[in-house]
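Step one of this worksheet: look at the structure below.
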Amino acid sequence: MGTSLAPYEKVSFSACGFTHDVYKRGAGPAVVVIHEIPGLHPLVIRFADRVAEAGMRVYLPSLFGEPERPVTSGYVMKSLAQATFCMRRSFSVWATDRSSPVVDFLRALAKKAHEECGGPGVGALGMCLTGGFALAMMTEPSVIAPVLSQPSLPFTLTASRRRAIDASPDEISCARQRFKNEGLSMIGLRFKGDPHVGDARFARYAREFGEAFEAIEIDDLATNPEATTYPHSVLTVHLNDADPEGPTKQAEARVIAFFRERLQAG
C-alpha cells in the first residue's frame with residue numbers, strides 16, 4: 001500500500017486560469033509528478049516518496065479526485081467521467097495533435113519549482129490520462145527530464161487515434177530540437193498488452209524522436225499479481241513491489257536514476 005500526504009507541505013498554486021493544490025516534499029532538484037486516474041491516490045504518493053528519498057524535491061499537483069483516496073473501480077469510473085465530460089476546460093481527451101489546456105498550468109508549476117529548487121532543471125512525469133503531458137511541458141525551458149508512463153491520450157477509438165499523441169506539432173518540434181541541441185532524452189513506459197497504449201503510439205514516439213526516446217515495454221505477466229485489472233499503471237497499481245528484481249521494479253529504478261542523472265541530484 002502507498003503512504004500518506006502527512007509529510008508533505010500543501011500549497012495552493014494558481015497560473016494560466018487554473019488553481020490547484022500542490023503537495024511538496026524532499027530536498028534537491030525538482031520533479032513534478034502528475035497523477036493518473038482516479039487521482040492523487042496512495043500508490044502515486046508511494047512513488048513520489050521514493051523520488052524524494054532519492055534526493056529530489058517532489059511536486060504533486062492534485063488536478064482531480066480526492067487526495068489519498070485508494071483506487072477502486074467505482075472511483076476510477078467517476079474520475080474518468082469527470083475528466084472526460086465535466087472538465088473539458090482542463091483536459092482534451094479526444095483531440096489529436098493537441099495537448100490539454102491544463103498543461104499551461106503545469107509548465108508554470110515547473111518554472112516555479114525550478115526557481116525554488118535551482119539545479120540544472122526540472123523532471124516531469126505523467127501517468128495514464130496525464131502520461132503525455134511531460135512531453136508537451138518541454139516548451140518550458142526548465143523541463144529537461146520528461147517521463148511518459150502509459151500515455152493514454154487521445155483515447156484509442158480509431159486507427160488514427162491509436163498512433164496519435166497528445167502534443168501539438170509545435171510542441172513536438174520544440175521537444176525534438178531540445179533533444180538535439182541540449183543532448184536531452186525522454187522515457188516512455190507501458191505494458192505491451194495495454195489496449196490504451198498500443199504499438200502504434202510507441203512507434204510514433206520512436207519515429208518522431210529517434211534515439212532520444214527510450215522505450216521501456218513490459219510483458220503483461222510481470223504485473224502485480226494482487227491487481228485485479230489488466231496491466232496498465234506501470235509505476236503504481238501494477239508495479240510488483242514484491243519482486244525487487246522484476247521488470248516493473250527495474251522500470252521504477254530506471255526512472256528514478258534518469259531523474260537523478262539529468263537533474264544532477266545528490
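Labels for the C-alpha cells follow display order: chains A, B, ..., residues from 1 in each chain, ligands from 1.
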List every residue of region 165-215 of chain A that DSSP, applied to the backbone, labels as alpha helix (DSSP H), and write the result as an mmCIF file with C-alpha atoms, in the first residue's frame.
```cif
data_model
loop_
_atom_site.group_PDB
_atom_site.id
_atom_site.type_symbol
_atom_site.label_atom_id
_atom_site.label_comp_id
_atom_site.auth_asym_id
_atom_site.auth_seq_id
_atom_site.Cartn_x
_atom_site.Cartn_y
_atom_site.Cartn_z
ATOM 1 C CA PRO A 169 3.170 19.986 -33.965
ATOM 2 C CA ASP A 170 4.849 22.998 -32.341
ATOM 3 C CA GLU A 171 5.330 21.131 -29.053
ATOM 4 C CA ILE A 172 6.742 18.115 -30.871
ATOM 5 C CA SER A 173 9.100 20.318 -32.885
ATOM 6 C CA CYS A 174 10.262 22.116 -29.742
ATOM 7 C CA ALA A 175 10.986 18.831 -27.962
ATOM 8 C CA ARG A 176 12.804 17.430 -30.995
ATOM 9 C CA GLN A 177 15.052 20.496 -31.208
ATOM 10 C CA ARG A 178 15.764 20.455 -27.483
ATOM 11 C CA PHE A 179 16.660 16.771 -27.567
ATOM 12 C CA LYS A 180 19.129 17.535 -30.357
ATOM 13 C CA ASN A 181 20.538 20.849 -29.172
ATOM 14 C CA GLU A 182 20.694 20.165 -25.428
ATOM 15 C CA ASP A 199 2.305 -0.500 -30.584
ATOM 16 C CA ALA A 200 1.289 2.285 -32.979
ATOM 17 C CA ARG A 201 1.610 5.023 -30.357
ATOM 18 C CA PHE A 202 5.045 3.923 -29.171
ATOM 19 C CA ALA A 203 6.129 3.573 -32.811
ATOM 20 C CA ARG A 204 5.050 7.198 -33.323
ATOM 21 C CA TYR A 205 7.230 8.351 -30.414
ATOM 22 C CA ALA A 206 10.177 6.419 -31.834
ATOM 23 C CA ARG A 207 9.583 7.881 -35.296
ATOM 24 C CA GLU A 208 9.321 11.442 -34.010
ATOM 25 C CA PHE A 209 12.260 11.366 -31.588
#
```
Requested in this report: List every residue of region 1-175 of chain A that DSSP, applied to the backbone of this structure, places in strand (DSSP E or B), and write the result as a ChimeraX atom specification.
Outcome: /A:9-15,18-25,30-34,57-61,122-127,143-149
Closest pair table for region 117-140 of chain A residues within 7 Å of region 24-46 of chain A, only C-alpha atoms, as a tab-separated table:
```
residue	atom	partner	partner_atom	distance
A:Cys117	CA	A:Pro29	CA	5.4
A:Gly118	CA	A:Pro29	CA	6.2
A:Gly119	CA	A:Pro29	CA	5.5
A:Val122	CA	A:Ala30	CA	5.1
A:Gly123	CA	A:Val31	CA	4.3
A:Ala124	CA	A:Val32	CA	4.7
A:Leu125	CA	A:Val33	CA	5.0
A:Gly126	CA	A:Ile34	CA	4.8
A:Met127	CA	A:Glu36	CA	4.9
A:Cys128	CA	A:Glu36	CA	5.3
A:Leu129	CA	A:Glu36	CA	5.9
A:Thr130	CA	A:Glu36	CA	6.2
```
Query - All residues 12 Å or closer to Ala83 (chain A), only C-alpha atoms, same chain fewer than 3 positions away omitted, as a list in words - result: Glu36, Ile37, Pro38, Gly39, Leu63, Phe64, Gly65, Val76, Met77, Lys78, Ser79, Leu80, Cys86, Met87, Arg88, Arg89, Ser90, Phe91, Ser92, Val93, Trp94, Ser100, Val102, Leu129, Thr130 and Leu153 of chain A
Query raised in the report: What's the 7 Å shell around Lys111 (chain A), counting only C-alpha atoms, without same-chain residues fewer than 4 positions away, as a PyMOL selection string?
Result: chain A and resi 107+115+142
Report summary line: CA of Ile218 (chain A) sits from CA of Val147 (chain A) at a separation of 15.5 Å
Can you check which parts of region 176-215 of chain A lie within 10 Å of region 254-261 of chain A? Per residue, the shortest pair of atoms and distance in Å to one decimal, counting only C-alpha atoms, sorted by chain and number, as CSV.
```
residue,atom,partner,partner_atom,distance
A:Ser185,CA,A:Phe258,CA,9.6
A:Met186,CA,A:Phe258,CA,8.9
A:Ile187,CA,A:Val255,CA,7.6
A:Gly188,CA,A:Val255,CA,9.5
A:Leu189,CA,A:Val255,CA,9.4
```
Restrict the selected residues to C-alpha atoms and save them as an mmCIF file, in the first residue's frame.
```cif
data_model
loop_
_atom_site.group_PDB
_atom_site.id
_atom_site.type_symbol
_atom_site.label_atom_id
_atom_site.label_comp_id
_atom_site.auth_asym_id
_atom_site.auth_seq_id
_atom_site.Cartn_x
_atom_site.Cartn_y
_atom_site.Cartn_z
ATOM 1 C CA SER A 185 16.075 12.469 -23.907
ATOM 2 C CA MET A 186 12.837 11.050 -22.539
ATOM 3 C CA ILE A 187 11.499 7.749 -21.260
ATOM 4 C CA GLY A 188 8.216 6.083 -22.194
ATOM 5 C CA LEU A 189 6.780 3.143 -20.244
#
```
**Report entry** Proximity to Glu9 (chain A) - best of A:Gly55, A:Pro61, A:Pro244, A:Pro141, only C-alpha atoms
**Finding:**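 Closest to Glu9 (chain A) of all the choices is A:Pro61.
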Report task. Please indicate the distance in Å from CA of Pro101 (chain A) to CA of Lys10 (chain A), rounded to one decimal place. Result ->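 Going from CA of Pro101 (chain A) over to CA of Lys10 (chain A), I get 23.3 Å.
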**Report entry** Residue nearest Ala136 (chain A) among A:Gly193, A:Pro151, A:Pro67, A:Pro225 (counting only C-alpha atoms)
**Finding:**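 Nearest candidate to Ala136 (chain A) out of A:Gly193, A:Pro151, A:Pro67, A:Pro225: A:Pro151.
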Query raised in the report: CA of Ser62 (chain A) and CA of Asp21 (chain A) are how many Å apart?
Result: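 Straight-line distance from CA of Ser62 (chain A) to CA of Asp21 (chain A) works out to 5.6 Å.
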Query raised in the report: Using only C-alpha atoms, which of the listed residues (A:Phe105, A:Phe47, A:Phe155, A:Phe133) sits closest to Val22 (chain A)?
Result: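 Answer, going by the shortest atom-to-atom distance: A:Phe105.
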Report task. Select, from A:Leu221, A:Ala54, A:Met138, A:Ala227, the residue with the minimum atom-to-atom distance to Gly246 (chain A), counting only C-alpha atoms. Result ->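 Of all the options, A:Leu221 lies closest to Gly246 (chain A).
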